[in-house]
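Written out below as structure tokens is the structure these notes cover.
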Amino acid sequence: MKNILVLTYWSYKDALIQAYTLPYVRIMRKKIPSDSKIFVLTLEQDFFKMSSSEWENEKSKLAQEGIVLIRFKYDHFGIKMIFRVIGLLFSLKKLIRKEKIGFIHSWCMSAGSLGYILSLLTGKPLIIDSYEPHAESMVENGTWSTNSFRFKLLKWLEKKQSNRAQTVIALTQGMKDYAKVKYNASFKNYFVKPALVDLDKFSGTQEDYLQSRATKNLEGKIVGIYAGKLGGIYLEYEVFDLFKVASDYWKDKLKIYLLTDKNQAEVDEHIKRKNIPKECIETLFVPHAEIKDYLQIADFAINPVKPVPSKQYCTSIKDGEYWAMGIPVIITKNISDDSNIINTENIGHVLQELTNQEYMKACKKIDELITNDKIELNNRIKLVAKKYRSFSIAESIYGEIYS
């Protein structure tokens, strides 16, 4: 067994590394011989900048597990980024030769583009993890246009990497048909692994819930939570429209925790625009390691993914974390299999439209769910998490790939 190079397109401190990559890398590590190593590439953004001592400390801890961290600077799309990527590719090609890398394991389509070129340059087999459409998603959510160079480039690279990959690990079964139509790709090795959650880490009891709420003086409150970004692939204005309806419905009983990196001034503008009582919403940027502390006090959560066509092929880690904590979820329609699961399992509300009338339906549904047997509801939701989001799914897939 040779070493593995894992490619990501994110900063080390980003939740997409902490919650969506490293847990799987650790599972992969268990499936390979003890003398093999996994090299993990991160692309660091200024927002998540780490000091030299922080970085060396993280490197040292992971090195003890046989995981080697490497990093390069992230640049936004442009001439500077293209030149930086060229230098990155040469550095990684040298690393592959020097460290006897046997597999290139890319996370998502953007990193898969790097993986595709490296696979061509080195002949190493390419594995694409968390395989989902990205280029069309960026157009559908209004970030790119179909005439833009970056869309055309990434769409072309998506097709190339899809046909080059030895193995793909998709988020939904339906992605297989999407790839056949959009990329004319078929796969010898195709696996399905939605965004999974460490069910031991994301867990809590009714006693934890009550104690945590007492600490924050939340007795008698209806607590809603959203942990994620605003804008891009997520709704923004509509989130505050929902909060306004919820505020009118629950009045001063409502408390919202908005865990986001959004600028506070922009959040305040949304609050002012909708005339929401300022004390109703508390905005915090919380490291992923601390998110559980806030999920533990929540009565409901939201997952405001823009309901665009490509999102039926993606899954959100948010839902898995919410479910693992036993929290009912308000979600938009046609998001992966999650919208259907929430509807059929009766563990939240699926927004059929982005209107005040629909937001009111969501509030009434949540009120109905949490007013009845809340302990039974929490336990039922946790069983859903165990069925659809357990790490045992990844254990099986990586065991088959790297056995």
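Naming scheme: A, B, ... for chains in displayed order of the structure tokens; residues 1 onward per chain; ligands 1 onward as shown.
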Name the residues in contact with Tyr9 in chain A at a cut-off of 8 Å, using only C-alpha atoms, excluding same-chain residues fewer than 6 positions from it; report them as a PyMOL selection string. chain A and resi 41-43+107+110-111
Got a sec: who's within 12 Å of Gln18 in chain A, counting only C-alpha atoms, leaving out chain neighbours fewer than 4 positions off, as a count of residues only? 21
Which residues, written as a PDB file with C-alpha atoms, in the first residue's frame, have at least one atom at most 7 Å from Gln161 in chain A, with only C-alpha atoms counted and residues fewer than 2 positions away on the same chain left out?
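Saved the output as selection_21.pdb:
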```
ATOM      1  CA  GLY A 112     -11.022  17.307  -8.278  1.00  0.00           C
ATOM      2  CA  SER A 113      -9.815  19.649 -11.031  1.00  0.00           C
ATOM      3  CA  TYR A 116      -7.407  15.494 -12.648  1.00  0.00           C
ATOM      4  CA  LEU A 157     -12.833  20.200 -15.870  1.00  0.00           C
ATOM      5  CA  GLU A 158     -15.824  18.510 -14.228  1.00  0.00           C
ATOM      6  CA  LYS A 159     -16.392  16.492 -17.377  1.00  0.00           C
ATOM      7  CA  ASN A 163     -14.223  10.490 -17.081  1.00  0.00           C
ATOM      8  CA  ARG A 164     -10.743  10.185 -15.580  1.00  0.00           C
ATOM      9  CA  ALA A 165     -11.755   9.067 -12.073  1.00  0.00           C
TER      10      ALA A 165
END
```
Using only C-alpha atoms, which protein or nucleic acid residues come within 12 Å of Thr167 in chain A? Drop anything in the same chain fewer than 4 positions from it, and give the result as an NGL selection string. :A and (103-106 or 112 or 125-131 or 161-163 or 185-192 or 397-398 or 400-402)
Would you list the contacts of Pro194 in chain A as a PyMOL selection string, taking every protein, DNA or RNA residue within 12 Å and counting only C-alpha atoms, but skipping same-chain residues closer than 3 positions in sequence? chain A and resi 20+24+129-132+169-175+191+197+312-320+336-338+385+387-394+397
Resulting file, chosen residues, C-alpha atoms, as an mmCIF file, in the first residue's frame:
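And here is the file that came out, again_28.cif:
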```
data_model
loop_
_atom_site.group_PDB
_atom_site.id
_atom_site.type_symbol
_atom_site.label_atom_id
_atom_site.label_comp_id
_atom_site.auth_asym_id
_atom_site.auth_seq_id
_atom_site.Cartn_x
_atom_site.Cartn_y
_atom_site.Cartn_z
ATOM 1 C CA TYR A 20 -16.228 17.326 6.455
ATOM 2 C CA TYR A 24 -13.041 10.819 6.983
ATOM 3 C CA ASP A 129 -14.971 12.181 -2.858
ATOM 4 C CA SER A 130 -18.162 14.170 -2.158
ATOM 5 C CA TYR A 131 -18.875 14.114 -5.892
ATOM 6 C CA GLU A 132 -21.482 16.775 -6.694
ATOM 7 C CA ILE A 169 -17.983 8.715 -3.919
ATOM 8 C CA ALA A 170 -21.159 10.715 -4.501
ATOM 9 C CA LEU A 171 -23.520 12.314 -2.031
ATOM 10 C CA THR A 172 -26.647 10.869 -3.639
ATOM 11 C CA GLN A 173 -27.502 7.940 -5.890
ATOM 12 C CA GLY A 174 -29.067 10.343 -8.393
ATOM 13 C CA MET A 175 -25.680 11.915 -9.151
ATOM 14 C CA PHE A 191 -20.333 4.699 -3.979
ATOM 15 C CA VAL A 197 -21.660 13.026 11.432
ATOM 16 C CA GLN A 312 -30.877 17.570 -5.211
ATOM 17 C CA TYR A 313 -27.483 15.924 -5.775
ATOM 18 C CA CYS A 314 -25.819 17.402 -2.671
ATOM 19 C CA THR A 315 -26.224 16.774 1.031
ATOM 20 C CA SER A 316 -25.634 19.223 3.818
ATOM 21 C CA ILE A 317 -23.681 18.317 6.924
ATOM 22 C CA LYS A 318 -25.894 20.762 8.826
ATOM 23 C CA ASP A 319 -28.891 18.448 8.705
ATOM 24 C CA GLY A 320 -26.847 15.544 10.016
ATOM 25 C CA SER A 336 -30.725 16.069 -1.601
ATOM 26 C CA ASP A 337 -32.707 13.293 0.056
ATOM 27 C CA ASP A 338 -32.976 15.444 3.182
ATOM 28 C CA ALA A 385 -29.397 10.475 12.180
ATOM 29 C CA LYS A 387 -29.884 5.514 9.967
ATOM 30 C CA TYR A 388 -28.767 8.083 7.396
ATOM 31 C CA ARG A 389 -25.674 9.813 8.805
ATOM 32 C CA SER A 390 -23.596 7.256 10.710
ATOM 33 C CA PHE A 391 -19.843 7.056 10.080
ATOM 34 C CA SER A 392 -20.308 3.320 9.598
ATOM 35 C CA ILE A 393 -21.235 4.184 5.988
ATOM 36 C CA ALA A 394 -17.779 5.691 5.429
ATOM 37 C CA ILE A 397 -16.771 2.452 1.640
#
```
What's around range 120-124 of chain A at 10 Å? Count only C-alpha atoms, leave out sequence neighbours fewer than 5 positions away in its own chain, and write the answer as a compact mmCIF listing (two decimals) with N, CA and C atoms, in the first residue's frame.
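New file out13.txt:
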```
# COMPACT_ATOMS: atom_id res chain seq x y z
N LEU A 89 0.84 22.88 -8.69
CA LEU A 89 0.85 21.60 -9.40
C LEU A 89 2.26 21.02 -9.49
N PHE A 90 3.23 21.87 -9.77
CA PHE A 90 4.61 21.39 -9.85
C PHE A 90 5.09 20.90 -8.48
N LYS A 93 3.39 17.58 -7.79
CA LYS A 93 3.96 16.52 -8.62
C LYS A 93 5.26 16.01 -8.01
N LYS A 94 6.08 16.94 -7.52
CA LYS A 94 7.34 16.56 -6.87
C LYS A 94 7.06 15.76 -5.59
N ILE A 96 4.43 13.90 -4.95
CA ILE A 96 3.92 12.57 -5.32
C ILE A 96 5.07 11.62 -5.63
N ARG A 97 6.07 12.13 -6.32
CA ARG A 97 7.22 11.29 -6.66
C ARG A 97 8.07 11.00 -5.42
N ILE A 101 3.43 8.55 -3.49
CA ILE A 101 1.97 8.64 -3.43
C ILE A 101 1.36 7.65 -4.41
N GLY A 102 0.42 6.85 -3.94
CA GLY A 102 -0.20 5.85 -4.80
C GLY A 102 -1.58 6.24 -5.27
N PHE A 103 -2.28 7.12 -4.52
CA PHE A 103 -3.65 7.53 -4.87
C PHE A 103 -3.81 9.03 -4.67
N ILE A 104 -4.55 9.65 -5.59
CA ILE A 104 -4.94 11.05 -5.45
C ILE A 104 -6.41 11.06 -5.08
N GLY A 115 -6.85 17.43 -8.95
CA GLY A 115 -6.58 16.00 -8.98
C GLY A 115 -6.51 15.45 -10.38
N GLN A 161 -12.59 15.29 -15.26
CA GLN A 161 -12.28 14.52 -14.05
C GLN A 161 -13.27 13.38 -13.87
N ARG A 164 -12.08 10.66 -15.98
CA ARG A 164 -10.74 10.19 -15.58
C ARG A 164 -10.79 9.36 -14.30
N GLN A 166 -11.06 6.90 -11.30
CA GLN A 166 -11.16 5.46 -11.11
C GLN A 166 -12.34 5.12 -10.21
```
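Every protein or nucleic acid residue with an atom no more than 10 Å from range 207-210 of chain A, counting only C-alpha atoms and leaving out same-chain residues fewer than 5 positions away, appears here: Thr215, Leu218, Glu219, Asp293, Tyr294, Leu295, Gln296, Ile297, Ala298, Asp299 and Met325 of chain A.
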Pull the strand (DSSP E or B) assignments for range 164-367 of chain A out of DSSP run on the backbone, and list those residues as a PyMOL selection string. chain A and resi 167-170+189-192+197+222-227+234+254-259+281-284+300-303+305+329-332+348-351
Give the helix (DSSP H, G or I) residues of range 80-201 of chain A, as assigned by DSSP on the backbone, as a ChimeraX atom specification. /A:80-98,108-122,135-140,149-164,175-183
Taking only residues of range 127-201 of chain A that have an atom at most 12 Å from an atom of range 227-234 of chain A, what is each one's shortest atom pair and its distance in Å to one decimal, using only C-alpha atoms, in chain and number order, as a Markdown table?
```
| residue | atom | partner | partner_atom | distance |
| --- | --- | --- | --- | --- |
| A:His134 | CA | A:Ile233 | CA | 10.2 |
| A:Ala135 | CA | A:Ile233 | CA | 11.7 |
| A:Glu136 | CA | A:Ile233 | CA | 11.3 |
| A:Ser137 | CA | A:Ile233 | CA | 7.6 |
| A:Met138 | CA | A:Ile233 | CA | 7.4 |
| A:Val139 | CA | A:Ile233 | CA | 9.9 |
| A:Glu140 | CA | A:Ile233 | CA | 8.7 |
| A:Asn141 | CA | A:Ile233 | CA | 5.8 |
| A:Gly142 | CA | A:Gly232 | CA | 7.7 |
| A:Thr143 | CA | A:Gly232 | CA | 6.5 |
| A:Trp144 | CA | A:Gly232 | CA | 10.1 |
```
Same residues, C-alpha atoms, saved as a tab-separated table (two decimals), in the first residue's frame:
```
chain	number	residue	atom	x	y	z
A	134	HIS	CA	-20.39	22.75	-8.68
A	135	ALA	CA	-20.29	24.81	-11.89
A	136	GLU	CA	-24.03	24.61	-12.58
A	137	SER	CA	-24.78	25.19	-8.91
A	138	MET	CA	-22.84	28.47	-9.01
A	139	VAL	CA	-24.90	29.59	-12.01
A	140	GLU	CA	-28.19	28.53	-10.45
A	141	ASN	CA	-27.55	30.46	-7.25
A	142	GLY	CA	-26.63	33.60	-9.20
A	143	THR	CA	-22.91	33.72	-8.39
A	144	TRP	CA	-21.69	33.01	-11.95
```
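Proximity ranking of A:Ile70, A:Leu95, A:Ile281, A:Ile375 relative to Asp268 in chain A places A:Ile281 first, based on only C-alpha atoms.
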CA of Ala301 in chain A to CA of Lys262 in chain A, straight-line distance in Å: 17.9 Å
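Closest approach to Ser247 in chain A from the set A:Asp177, A:Glu266, A:Glu376, A:Glu279 is made by A:Glu279, with distances taken over only C-alpha atoms.
With CA of Val68 in chain A on one side and CA of Val286 in chain A on the other, the separation reads 26.0 Å.
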